[in-house]
Structures are given as structure tokens and as C-alpha cells.
>>> print(open('upload_0.txt').read())   # compact mmCIF, C-alpha atoms
# COMPACT_ATOMS: atom_id res chain seq x y z
CA MET A 1 12.35 -13.06 -28.19
CA GLN A 2 9.93 -10.48 -29.56
CA HIS A 3 8.96 -7.72 -27.20
CA PRO A 4 5.35 -6.48 -27.09
CA GLN A 5 4.86 -3.85 -29.79
CA VAL A 6 3.77 -0.79 -27.83
CA LYS A 7 4.94 2.79 -28.07
CA THR A 8 8.13 3.64 -26.26
CA GLN A 9 8.32 7.45 -26.48
CA GLU A 10 8.96 8.93 -23.06
CA ASN A 11 6.21 11.53 -23.53
CA VAL A 12 3.54 8.94 -24.40
CA THR A 13 1.41 7.31 -21.73
CA VAL A 14 1.44 3.55 -22.40
CA TYR A 15 -2.05 2.58 -21.28
CA LYS A 16 -1.71 -1.14 -22.08
CA ILE A 17 1.19 -1.49 -19.69
CA LEU A 18 -0.45 0.65 -17.01
CA VAL A 19 -3.56 -1.54 -17.13
CA ALA A 20 -1.45 -4.71 -17.08
CA ILE A 21 0.71 -3.65 -14.12
CA SER A 22 -2.43 -2.49 -12.30
CA LEU A 23 -4.01 -5.91 -12.85
CA ILE A 24 -0.90 -7.63 -11.48
CA HIS A 25 -1.01 -5.28 -8.49
CA LEU A 26 -4.67 -6.19 -7.96
CA LEU A 27 -3.92 -9.91 -7.91
CA ASN A 28 -0.81 -9.53 -5.75
CA ASP A 29 -2.54 -7.40 -3.14
CA SER A 30 -5.58 -9.66 -3.12
CA LEU A 31 -3.29 -12.39 -1.77
CA GLN A 32 -1.72 -10.01 0.73
CA ALA A 33 -4.94 -8.36 1.90
CA VAL A 34 -6.95 -11.55 2.34
CA ILE A 35 -4.79 -12.32 5.37
CA PRO A 36 -6.01 -9.49 7.68
CA ALA A 37 -9.53 -9.93 6.33
CA ALA A 38 -9.35 -13.55 7.53
CA PHE A 39 -8.17 -12.64 11.04
CA PRO A 40 -11.58 -13.33 12.68
CA VAL A 41 -11.58 -16.84 11.17
CA LEU A 42 -8.00 -17.51 12.25
CA GLN A 43 -8.79 -16.14 15.71
CA GLN A 44 -11.62 -18.64 16.13
CA SER A 45 -9.81 -21.64 14.62
CA MET A 46 -6.61 -21.14 16.65
CA SER A 47 -8.02 -19.31 19.72
CA LEU A 48 -5.73 -16.32 19.17
CA THR A 49 -5.48 -13.23 21.34
CA TYR A 50 -5.61 -9.73 19.85
CA ALA A 51 -1.87 -9.44 20.47
CA GLN A 52 -1.26 -12.60 18.43
CA ILE A 53 -3.42 -11.19 15.63
CA GLY A 54 -1.36 -8.02 15.80
CA LEU A 55 1.81 -10.07 15.42
CA LEU A 56 0.44 -11.70 12.27
CA SER A 57 -0.27 -8.27 10.79
CA PHE A 58 3.14 -7.04 11.95
CA THR A 59 4.89 -9.96 10.22
CA LEU A 60 3.08 -9.31 6.95
CA SER A 61 3.58 -5.55 7.03
CA MET A 62 7.23 -5.57 8.08
CA THR A 63 8.27 -8.31 5.64
CA SER A 64 6.44 -6.75 2.72
CA SER A 65 7.76 -3.28 3.49
CA VAL A 66 11.15 -3.13 5.19
CA LEU A 67 12.74 -5.04 2.31
CA GLN A 68 11.19 -2.80 -0.34
CA PRO A 69 13.75 0.05 -0.09
CA VAL A 70 16.53 -2.56 -0.22
CA VAL A 71 15.05 -4.09 -3.38
CA GLY A 72 14.52 -0.59 -4.76
CA LEU A 73 18.14 0.36 -4.09
CA TYR A 74 19.31 -2.72 -5.98
CA THR A 75 16.94 -2.29 -8.93
CA ASP A 76 17.73 1.43 -9.29
CA LYS A 77 21.23 0.25 -10.22
CA ARG A 78 20.18 -2.97 -11.94
CA PRO A 79 16.56 -2.95 -13.16
CA THR A 80 15.33 -6.55 -13.04
CA PRO A 81 12.09 -7.27 -14.96
CA ARG A 82 11.98 -10.93 -13.91
CA LEU A 83 11.35 -9.91 -10.28
CA LEU A 84 7.71 -9.24 -11.19
CA ALA A 85 6.97 -12.93 -11.76
CA LEU A 86 9.34 -14.11 -9.02
CA GLY A 87 7.51 -12.06 -6.40
CA MET A 88 4.18 -13.49 -7.46
CA MET A 89 5.48 -17.06 -7.19
CA MET A 90 6.72 -16.37 -3.64
CA SER A 91 3.28 -15.09 -2.63
CA MET A 92 1.66 -18.21 -4.10
CA ILE A 93 3.93 -20.44 -2.01
CA GLY A 94 3.00 -18.44 1.08
CA MET A 95 -0.74 -18.90 0.48
CA ILE A 96 -0.27 -22.65 0.13
CA GLY A 97 1.57 -22.57 3.45
CA ILE A 98 -1.28 -20.69 5.18
CA ALA A 99 -3.80 -23.24 3.94
CA LEU A 100 -1.78 -26.21 5.23
CA ALA A 101 -0.07 -24.79 8.36
CA PRO A 102 -1.01 -26.84 11.46
CA SER A 103 0.30 -24.32 14.01
CA TYR A 104 0.46 -20.60 14.74
CA LEU A 105 4.23 -20.44 14.17
CA LEU A 106 3.91 -22.03 10.74
CA VAL A 107 1.18 -19.54 9.86
CA ILE A 108 3.63 -16.75 10.71
CA PHE A 109 6.26 -18.37 8.49
CA ALA A 110 3.79 -18.68 5.59
CA ILE A 111 2.73 -15.05 6.01
CA PHE A 112 6.41 -14.11 5.92
CA PHE A 113 6.63 -15.68 2.44
CA VAL A 114 3.60 -13.74 1.21
CA GLY A 115 5.19 -10.54 2.50
CA LEU A 116 8.53 -11.38 0.88
CA GLY A 117 6.86 -11.86 -2.49
CA SER A 118 5.16 -8.50 -2.13
CA ALA A 119 8.45 -6.81 -1.23
CA VAL A 120 10.08 -8.21 -4.36
CA PHE A 121 7.21 -7.17 -6.64
CA HIS A 122 6.34 -3.63 -5.55
CA PRO A 123 9.47 -1.56 -6.34
CA GLU A 124 9.62 -2.89 -9.88
CA GLY A 125 5.87 -2.44 -10.25
CA SER A 126 6.24 1.24 -9.33
CA ARG A 127 9.11 1.56 -11.79
CA VAL A 128 6.97 0.15 -14.60
CA ALA A 129 4.24 2.71 -13.79
CA TYR A 130 6.88 5.47 -13.83
CA MET A 131 8.24 4.26 -17.17
CA ALA A 132 4.79 4.02 -18.77
CA SER A 133 3.51 7.35 -17.39
CA GLY A 134 4.48 9.58 -20.28
CA GLY A 135 5.15 12.31 -17.71
CA ARG A 136 1.72 11.99 -16.06
CA ARG A 137 3.23 10.51 -12.93
CA GLY A 138 0.38 11.12 -10.52
CA PHE A 139 -2.12 9.64 -12.96
CA ALA A 140 0.08 6.60 -13.68
CA GLN A 141 0.79 5.99 -9.99
CA SER A 142 -2.93 6.18 -9.27
CA ILE A 143 -3.71 3.59 -11.96
CA TYR A 144 -0.99 1.33 -10.55
CA GLN A 145 -2.03 1.75 -6.92
CA VAL A 146 -5.75 1.50 -7.59
CA GLY A 147 -5.10 -2.04 -8.76
CA GLY A 148 -3.58 -2.86 -5.38
CA ASN A 149 -6.44 -1.18 -3.55
CA ALA A 150 -8.99 -3.03 -5.67
CA GLY A 151 -7.23 -6.22 -4.64
CA SER A 152 -7.57 -5.19 -1.02
CA ALA A 153 -11.26 -4.51 -1.61
CA MET A 154 -11.70 -8.08 -2.85
CA ALA A 155 -10.28 -9.53 0.35
CA PRO A 156 -13.46 -9.37 2.49
CA LEU A 157 -15.42 -11.02 -0.33
CA LEU A 158 -12.80 -13.76 -0.66
CA THR A 159 -12.93 -14.21 3.10
CA ALA A 160 -16.72 -14.56 3.09
CA LEU A 161 -16.63 -16.97 0.14
CA LEU A 162 -13.57 -19.03 1.07
CA PHE A 163 -12.50 -18.68 4.70
CA VAL A 164 -15.91 -18.60 6.38
CA PRO A 165 -17.21 -21.82 4.72
CA PHE A 166 -13.88 -23.66 4.35
CA GLY A 167 -11.89 -22.27 7.29
CA GLN A 168 -8.12 -21.92 7.09
CA PHE A 169 -7.86 -24.34 4.16
CA GLY A 170 -9.84 -21.88 2.04
CA ALA A 171 -6.54 -20.06 1.42
CA ILE A 172 -5.61 -22.77 -1.08
CA TRP A 173 -8.11 -21.37 -3.58
CA CYS A 174 -6.31 -18.01 -3.55
CA THR A 175 -3.36 -19.56 -5.36
CA GLY A 176 -5.44 -19.37 -8.55
CA LEU A 177 -4.99 -15.60 -8.43
CA ALA A 178 -1.22 -16.02 -8.56
CA LEU A 179 -1.45 -18.45 -11.45
CA LEU A 180 -3.53 -15.89 -13.33
CA ALA A 181 -1.03 -13.10 -12.62
CA ILE A 182 2.18 -14.85 -13.72
CA PRO A 183 1.54 -14.71 -17.52
CA VAL A 184 0.69 -11.01 -17.23
CA CYS A 185 3.93 -10.50 -15.29
CA LEU A 186 5.84 -12.11 -18.13
CA TYR A 187 4.13 -9.85 -20.69
CA VAL A 188 5.01 -6.69 -18.75
CA ALA A 189 8.56 -7.96 -18.12
CA ARG A 190 9.10 -8.38 -21.87
CA TRP A 191 7.98 -4.78 -22.52
CA TYR A 192 10.11 -3.57 -19.61
CA GLN A 193 13.17 -5.39 -20.96
CA GLY A 194 12.49 -3.92 -24.38
CA GLN A 195 12.67 -0.41 -22.96
CA LEU A 196 15.92 -1.21 -21.18
CA ASP A 197 17.40 -2.69 -24.36
CA ALA A 198 16.43 0.48 -26.23
CA GLY A 199 18.06 2.66 -23.56
CA LEU A 200 14.79 4.43 -22.73
CA PHE A 201 13.30 5.51 -19.41
CA ARG A 202 16.47 5.39 -17.39
CA ALA A 203 15.77 7.97 -14.70
CA LYS A 204 18.83 10.14 -14.24
CA PRO A 205 19.53 12.43 -11.32
CA LYS A 206 19.31 16.09 -12.17
CA LYS A 207 22.59 17.97 -12.03
CA THR A 208 22.78 20.81 -9.63
CA VAL A 209 24.57 24.05 -10.39
CA ALA A 210 24.27 25.41 -6.89
CA SER A 211 27.29 26.27 -4.78
CA GLY A 212 28.66 23.71 -2.36
CA THR A 213 27.04 25.45 0.61
CA ALA A 214 23.67 25.79 -1.10
CA GLU A 215 23.85 22.19 -2.28
CA ALA A 216 24.56 20.95 1.25
CA ALA A 217 21.65 23.02 2.58
CA ASN A 218 19.37 21.51 -0.05
CA ARG A 219 20.48 18.01 0.88
CA ARG A 220 19.59 18.70 4.51
CA LYS A 221 16.18 20.05 3.50
CA ILE A 222 15.53 17.07 1.26
CA GLY A 223 16.62 14.67 4.01
CA PHE A 224 14.29 16.36 6.50
CA ALA A 225 11.42 16.28 3.99
CA ILE A 226 11.92 12.56 3.32
CA VAL A 227 11.97 11.73 7.04
CA LEU A 228 8.85 13.83 7.66
CA LEU A 229 7.07 12.33 4.66
CA VAL A 230 7.81 8.81 5.87
CA PHE A 231 6.49 9.75 9.32
CA LEU A 232 3.27 11.19 7.88
CA VAL A 233 2.65 8.07 5.80
CA PHE A 234 3.45 6.10 8.95
CA ALA A 235 0.70 8.02 10.80
CA ARG A 236 -1.74 7.58 7.92
CA SER A 237 -1.00 3.86 7.93
CA TRP A 238 -1.66 3.59 11.67
CA THR A 239 -5.04 5.26 11.17
CA SER A 240 -5.94 3.03 8.25
CA SER A 241 -4.67 -0.10 10.02
CA GLY A 242 -6.69 0.66 13.12
CA PHE A 243 -9.99 1.03 11.30
CA HIS A 244 -9.30 -1.70 8.73
CA ASN A 245 -8.16 -4.38 11.17
CA TYR A 246 -9.97 -3.60 14.42
CA TYR A 247 -13.17 -1.74 13.52
CA GLN A 248 -14.66 -5.08 12.44
CA PHE A 249 -14.00 -6.50 15.93
CA TYR A 250 -15.47 -3.35 17.46
CA LEU A 251 -18.67 -3.90 15.46
CA ILE A 252 -18.80 -7.60 16.30
CA HIS A 253 -18.38 -7.07 20.04
CA ASP A 254 -20.21 -3.77 20.62
CA TYR A 255 -22.97 -4.06 18.03
CA GLY A 256 -23.38 -7.84 18.07
CA ILE A 257 -23.13 -8.40 14.31
CA SER A 258 -21.74 -11.56 12.70
CA ILE A 259 -18.33 -12.00 11.08
CA THR A 260 -19.96 -12.16 7.65
CA ASN A 261 -21.87 -8.91 8.21
CA ALA A 262 -18.74 -7.22 9.57
CA GLN A 263 -17.00 -7.96 6.27
CA ALA A 264 -19.49 -5.66 4.52
CA TYR A 265 -18.13 -2.71 6.51
CA VAL A 266 -14.53 -3.70 5.78
CA PHE A 267 -15.48 -3.99 2.10
CA THR A 268 -17.00 -0.50 2.16
CA LEU A 269 -13.76 0.96 3.50
CA ALA A 270 -11.70 -0.98 0.94
CA VAL A 271 -13.84 0.20 -2.00
CA ALA A 272 -13.55 3.78 -0.77
CA ILE A 273 -9.76 3.45 -0.70
CA VAL A 274 -9.87 2.42 -4.38
CA VAL A 275 -11.92 5.52 -5.24
CA GLY A 276 -9.67 7.82 -3.22
CA THR A 277 -6.52 6.44 -4.83
CA LEU A 278 -7.94 6.85 -8.34
CA VAL A 279 -8.97 10.45 -7.71
CA GLY A 280 -5.96 11.55 -5.67
CA GLY A 281 -3.16 11.01 -8.19
CA PRO A 282 -4.53 13.23 -10.98
CA LEU A 283 -5.63 15.75 -8.34
CA GLY A 284 -2.05 15.96 -7.09
CA ASP A 285 -0.88 16.62 -10.66
CA ARG A 286 -3.24 19.61 -10.77
CA VAL A 287 -3.29 21.22 -7.31
CA GLY A 288 0.01 20.05 -5.80
CA ARG A 289 0.98 16.91 -3.97
CA ARG A 290 1.64 18.54 -0.59
CA ASN A 291 -1.82 20.13 -0.69
CA VAL A 292 -3.41 16.73 -1.29
CA LEU A 293 -1.48 15.26 1.65
CA LEU A 294 -2.68 18.05 3.94
CA VAL A 295 -6.32 17.60 2.99
CA SER A 296 -6.01 13.82 3.23
CA LEU A 297 -4.90 13.75 6.86
CA LEU A 298 -6.70 16.77 8.30
CA GLY A 299 -9.86 16.03 6.34
CA ALA A 300 -10.01 12.57 7.91
CA LEU A 301 -10.04 13.96 11.47
CA PRO A 302 -13.76 14.83 11.82
CA VAL A 303 -14.69 11.47 10.27
CA THR A 304 -12.51 9.42 12.61
CA LEU A 305 -13.89 11.33 15.61
CA LEU A 306 -17.46 10.47 14.62
CA LEU A 307 -17.11 6.84 13.52
CA PRO A 308 -16.92 5.08 16.91
CA HIS A 309 -20.12 6.80 18.07
CA VAL A 310 -22.56 6.47 15.18
CA SER A 311 -25.19 3.84 14.42
CA LEU A 312 -24.59 1.01 11.98
CA PHE A 313 -26.56 2.92 9.33
CA TRP A 314 -24.21 5.93 9.44
CA ALA A 315 -21.10 3.75 9.66
CA TYR A 316 -21.34 2.93 5.95
CA PRO A 317 -21.18 6.49 4.55
CA LEU A 318 -18.61 7.59 7.12
CA LEU A 319 -16.34 4.61 6.39
CA PHE A 320 -16.63 5.37 2.70
CA LEU A 321 -15.74 9.02 3.26
CA LEU A 322 -12.81 8.05 5.48
CA GLY A 323 -11.40 5.69 2.88
CA VAL A 324 -11.68 8.25 0.07
CA VAL A 325 -10.04 11.04 2.06
CA LEU A 326 -7.21 8.96 3.52
CA ALA A 327 -6.37 7.27 0.21
CA SER A 328 -6.45 10.48 -1.83
CA SER A 329 -2.83 11.16 -0.86
CA SER A 330 -1.62 7.63 -1.61
CA ALA A 331 -0.26 8.24 -5.13
CA ALA A 332 0.65 11.87 -4.39
CA THR A 333 3.06 10.92 -1.60
CA VAL A 334 4.85 8.37 -3.81
CA VAL A 335 5.35 10.88 -6.63
CA TYR A 336 6.36 13.57 -4.12
CA ALA A 337 9.07 11.20 -2.81
CA GLN A 338 10.20 10.40 -6.36
CA GLU A 339 10.60 14.13 -7.00
CA LEU A 340 12.55 14.53 -3.76
CA LEU A 341 14.90 11.75 -4.93
CA PRO A 342 15.25 12.16 -8.70
CA GLY A 343 16.82 9.16 -10.37
CA LYS A 344 15.93 6.87 -7.45
CA VAL A 345 12.48 5.64 -8.38
CA GLY A 346 12.88 2.28 -6.65
CA VAL A 347 14.18 3.69 -3.38
CA ALA A 348 11.52 6.43 -3.27
CA SER A 349 8.74 3.95 -4.00
CA GLY A 350 10.16 1.47 -1.51
CA LEU A 351 10.30 4.10 1.22
CA ILE A 352 6.71 5.24 0.77
CA VAL A 353 4.80 2.22 -0.57
CA GLY A 354 6.96 -0.11 1.47
CA LEU A 355 8.82 1.12 4.51
CA ALA A 356 6.53 3.91 5.72
CA PHE A 357 3.38 1.91 5.12
CA GLY A 358 4.90 -1.21 6.61
CA LEU A 359 6.20 0.52 9.70
CA GLY A 360 2.56 1.27 10.23
CA GLY A 361 2.32 -2.47 10.80
CA ILE A 362 3.92 -1.78 14.15
CA GLY A 363 0.62 -0.10 14.86
CA SER A 364 -1.14 -3.42 14.49
CA VAL A 365 0.94 -4.87 17.32
CA VAL A 366 0.50 -1.78 19.50
CA LEU A 367 -3.22 -1.55 18.79
CA GLY A 368 -3.67 -5.28 19.40
CA ASN A 369 -2.04 -5.00 22.82
CA LEU A 370 -4.05 -1.87 23.61
CA ALA A 371 -7.22 -3.77 22.71
CA ASP A 372 -6.25 -6.63 25.05
CA TRP A 373 -5.41 -4.23 27.89
CA TYR A 374 -7.94 -1.43 27.57
CA GLY A 375 -10.61 -2.66 25.16
CA LEU A 376 -11.62 -1.91 21.60
CA LYS A 377 -13.30 1.40 22.47
CA PHE A 378 -9.98 2.80 23.63
CA VAL A 379 -8.33 1.67 20.38
CA MET A 380 -11.01 3.44 18.34
CA TRP A 381 -10.52 6.62 20.38
CA PHE A 382 -6.75 6.45 19.90
CA CYS A 383 -7.05 5.98 16.12
CA SER A 384 -9.52 8.84 15.93
CA LEU A 385 -6.85 11.31 17.09
CA LEU A 386 -4.01 10.17 14.81
CA PRO A 387 -4.97 12.44 11.87
CA LEU A 388 -4.04 15.42 14.06
CA LEU A 389 -0.46 14.68 13.04
CA GLY A 390 -1.41 15.95 9.59
CA PHE A 391 -0.59 19.49 10.76
CA LEU A 392 3.08 18.52 10.39
CA ALA A 393 2.59 18.45 6.62
CA PHE A 394 2.79 22.26 6.69
CA LEU A 395 6.53 21.78 7.33
CA LEU A 396 7.02 20.07 3.95
CA PRO A 397 8.24 22.24 1.06
CA SER A 398 5.55 23.26 -1.41
CA ASP A 399 5.64 21.65 -4.83
CA ARG A 400 7.14 24.81 -6.34
CA LYS A 401 9.81 24.99 -3.63
CA LEU A 402 10.56 21.31 -4.12
CA ARG A 403 11.22 21.81 -7.83
CA GLU A 404 13.62 24.64 -6.99
CA MET A 405 15.45 22.45 -4.47
CA VAL A 406 16.15 19.57 -6.85
CA GLU A 407 16.94 21.61 -9.98
>>> encode(input="upload_0.txt", output="C-alpha cells")
Amino acid sequence: MQHPQVKTQENVTVYKILVAISLIHLLNDSLQAVIPAAFPVLQQSMSLTYAQIGLLSFTLSMTSSVLQPVVGLYTDKRPTPRLLALGMMMSMIGMIGIALAPSYLLVIFAIFFVGLGSAVFHPEGSRVAYMASGGRRGFAQSIYQVGGNAGSAMAPLLTALLFVPFGQFGAIWCTGLALLAIPVCLYVARWYQGQLDAGLFRAKPKKTVASGTAEAANRRKIGFAIVLLVFLVFARSWTSSGFHNYYQFYLIHDYGISITNAQAYVFTLAVAIVVGTLVGGPLGDRVGRRNVLLVSLLGALPVTLLLPHVSLFWAYPLLFLLGVVLASSSAATVVYAQELLPGKVGVASGLIVGLAFGLGGIGSVVLGNLADWYGLKFVMWFCSLLPLLGFLAFLLPSDRKLREMVE
């Protein structure tokens, strides 16, 4: 089989592959993100409580995330290009299940399949971006992740076009996105296999020349940094989840707007996340990834404090600003983790894109129960304070210190 004829030098950014993997990410995450965007429709059709909605989000987040480090650990040892297409096929099966499920439990099972497909796809998608980066890792990760965020931005539009007029069965039309993605997956997989056959882009751990004591101390520092980084992404995910999933309900109930109009605000936040992701990766390459993470969390604080109290007119620009600031650290944290764990691209990507983000899905359950018990205003107040945890980012090693630790 002939592999796509694109450049394979490790210092050359392979734009064709970056665009292709970003497109696949867009289509994959469109399927995943349409689920929370459709929560108001599912709530009405099945008479769900906020806690039940939280459980749906929890199922999607945990399935699509907890398995990612496991997949990454496996593919770090045995890179598997065919997982790109396999993950997409799993997500397509899940969307068919959502369209046809007659009960709440079967909806959960179908969502589980969508999450499983995402878990299979993402670690290898991050590896492809790493391989095609030509050393511009922040830039490449941004291009890859902006595809996923663009897919998330499409979800409210798909909800308004498919779920609102057709109800739950509207999910069947989303399977066309998977059918479009599979040929692109096969194209990227052929290039990926070609690089493996040529022996290129195999990330190797850097050898340390430090003494045993110094090496052990570095391992402890790296372990602490990984745990703290996962926690900070966890906190960022809780903040994003709160405003993405429940701000629309807050607007519907407190401002009296329709489900369709509420989708416009969700769309604004999703578009802003695309912009923030695109800007943040290259910015991290220039000014340092820890600095971007600090600004991302602490810069979001004044915005989150204002959002629950402004008029509908001011909600648009503030939501846009919130999305840009929060998402600016998205690519930077992935690359920071990859640098903490050299030679373990899949595990690092799985921990940050998958596990840390997905553990934030626990927030959906917690926030759903808080909304049932104390109301949506309390949930908005709680989410407004979460960016305060960004001060913990000062405990992370600077980018210069990190390079010294792993060399």
C-alpha cells in the first residue's frame, strides 16, 4: 500500500497532516459535544432531573477520559494507527443508540459508546499532532485541539437544527459526521504507519546523568508537578463545565428565554474556546506554558464573578472573554505534561486531555445535585469562585526549571 507522499523530516511541520487530524478531531468532538448541548431537549422528552442530566454528562466525561491514559500507555509501547478509524466507528454506533434508545438507561449506554470511541481516538490523535509538529509543539497541539473545540462550537447549532425540530431521533443525522471522518482517518493512519515503518518520530526518554539522589528528587518533583497539573486542569474543567452545561438553564429560568435562544449563548462560549485554543498554543511556545496557565485561570476570575449578575446584552462579550481566557491554556498544559514525561506522549496526552478533563465530569454530577438542592444561582456562584485555585499554578516549576529537571 502506498503511503501519502508528505515530508517526514522531524524538523518539518507537516501541515497537511495537522489539518487532517484537526478535521477528524472536529468531527469526533461534534458527536461528543452535541450530547450536552441537547440536554434541554432530553430533559423535556424524558422528564429528567438536573441530577439525571449530571449523570449523563458524568458518563460521557468519565468514559471518554478515564480510559485515555490506559490507551495512551498501550500506544506509547505499540503505536496503533488503526485506532483513529476504530474510535470514530464506536462514536457512530453510540449516536445511533441515542437516536433509538427508548429509555434513560439505554441513553446512558449509548453515551458510554460515544465516550469509548472518543477515548480510543484522542491519544493517537495527540500523537499524530506531536509527530507532525516539526518541533513546534504548542502550535501543533493548538491546531489539533482547535479542531475539537470547533466541533464543540457546532454542537449548539446541530442541536437547534436537529434536536429541537426532530427531538431525540435527530441524533441519527449526526452519524453522517462519522461517515465523513472515517476516510480522513484512513488517510492519516497511512501517513502515520509510513512514519513508523521509516523509524521516524519515535519519542525517546531523555537520559539523565544526575546522581541517584538527584534523580530521585527530580522524580518526586515531576510526580508532584503532574499531580498538581492534573488538579488544575480538573479545576478549569469544573469551571468550564459549570458555565457550558448549566448557564443555559440559568438563562432559561431566570431570564425567561427559550431553549433555542439559550443555544446562542452556548455557541458564543464554544466559539470563544476555539479562539482561545488557537491563540494559546503558540503563545505558550513564546512566553512559557506555566505563564499561560497562570493567566488562564486567574484571568478568568473577574469574568466568572461578573457573569451571573449582568444583563443578557453583556453576557455575550463576557462569555466570549471567558472562553478565550480559559481555553488559552488548553494546548499549553498538554505540551507541558509531555515535557514532564518525555517519551510518553500518549500517557501525557491521556492524563491532560482525558483524565483531568474527564474528572471534571464529576463536577457535572456535583453541580447538578447542587442545582436541585440549592438552585441555579448557587451553582453560578460556586463556579465563579473556582478560578481562585489558579494561584496553585505558582507551585509548578517554570519552563526553564522544567527543562533542567528532565535533562
>>> residues_around(input="upload_0.txt", residues="range 138-149 of chain A", least_positions_apart="5", cutoff="8 Å", atoms="all atoms listed in the file", output="ChimeraX atom specification")
/A:18-19,21-30,125-126,129-130,132-133,270-271,273-275,277-285,330-332,334-335
>>> closest_residue(input="upload_0.txt", among="A:Ala119, A:Met88, A:Cys383, A:Ala20", to="Leu370 in chain A", atoms="all atoms listed in the file")
A:Cys383
>>> closest_residue(input="upload_0.txt", among="A:Val366, A:Val324, A:Leu340, A:Val345", to="Leu402 in chain A", atoms="only C-alpha atoms")
A:Leu340
>>> residues_around(input="upload_0.txt", residues="Pro40 in chain A", least_positions_apart="2", cutoff="12 Å", atoms="all atoms listed in the file", output="VMD selection string")
chain A and resid 34 to 38 42 to 50 52 to 54 156 159 to 160 163 to 164 167 to 168 245 to 250 252 to 253 258 to 260 262 to 263
>>> atom_distance(input="upload_0.txt", atom1="CA of Ile108 in chain A", atom2="CA of Thr59 in chain A")
6.9 Å
>>> closest_residue(input="upload_0.txt", among="A:Gly170, A:Gly151, A:Pro342, A:Gly242", to="Ala33 in chain A", atoms="all atoms listed in the file")
A:Gly151
>>> atom_distance(input="upload_0.txt", atom1="CA of Ser384 in chain A", atom2="CA of Ser364 in chain A")
14.9 Å
>>> closest_residue(input="upload_0.txt", among="A:Ser57, A:Tyr74, A:Ile222, A:Leu251", to="Ser311 in chain A", atoms="only C-alpha atoms")
A:Leu251
>>> closest_residue(input="upload_0.txt", among="A:Met131, A:Leu31, A:Ala153, A:Leu73", to="Asn11 in chain A", atoms="all atoms listed in the file")
A:Met131
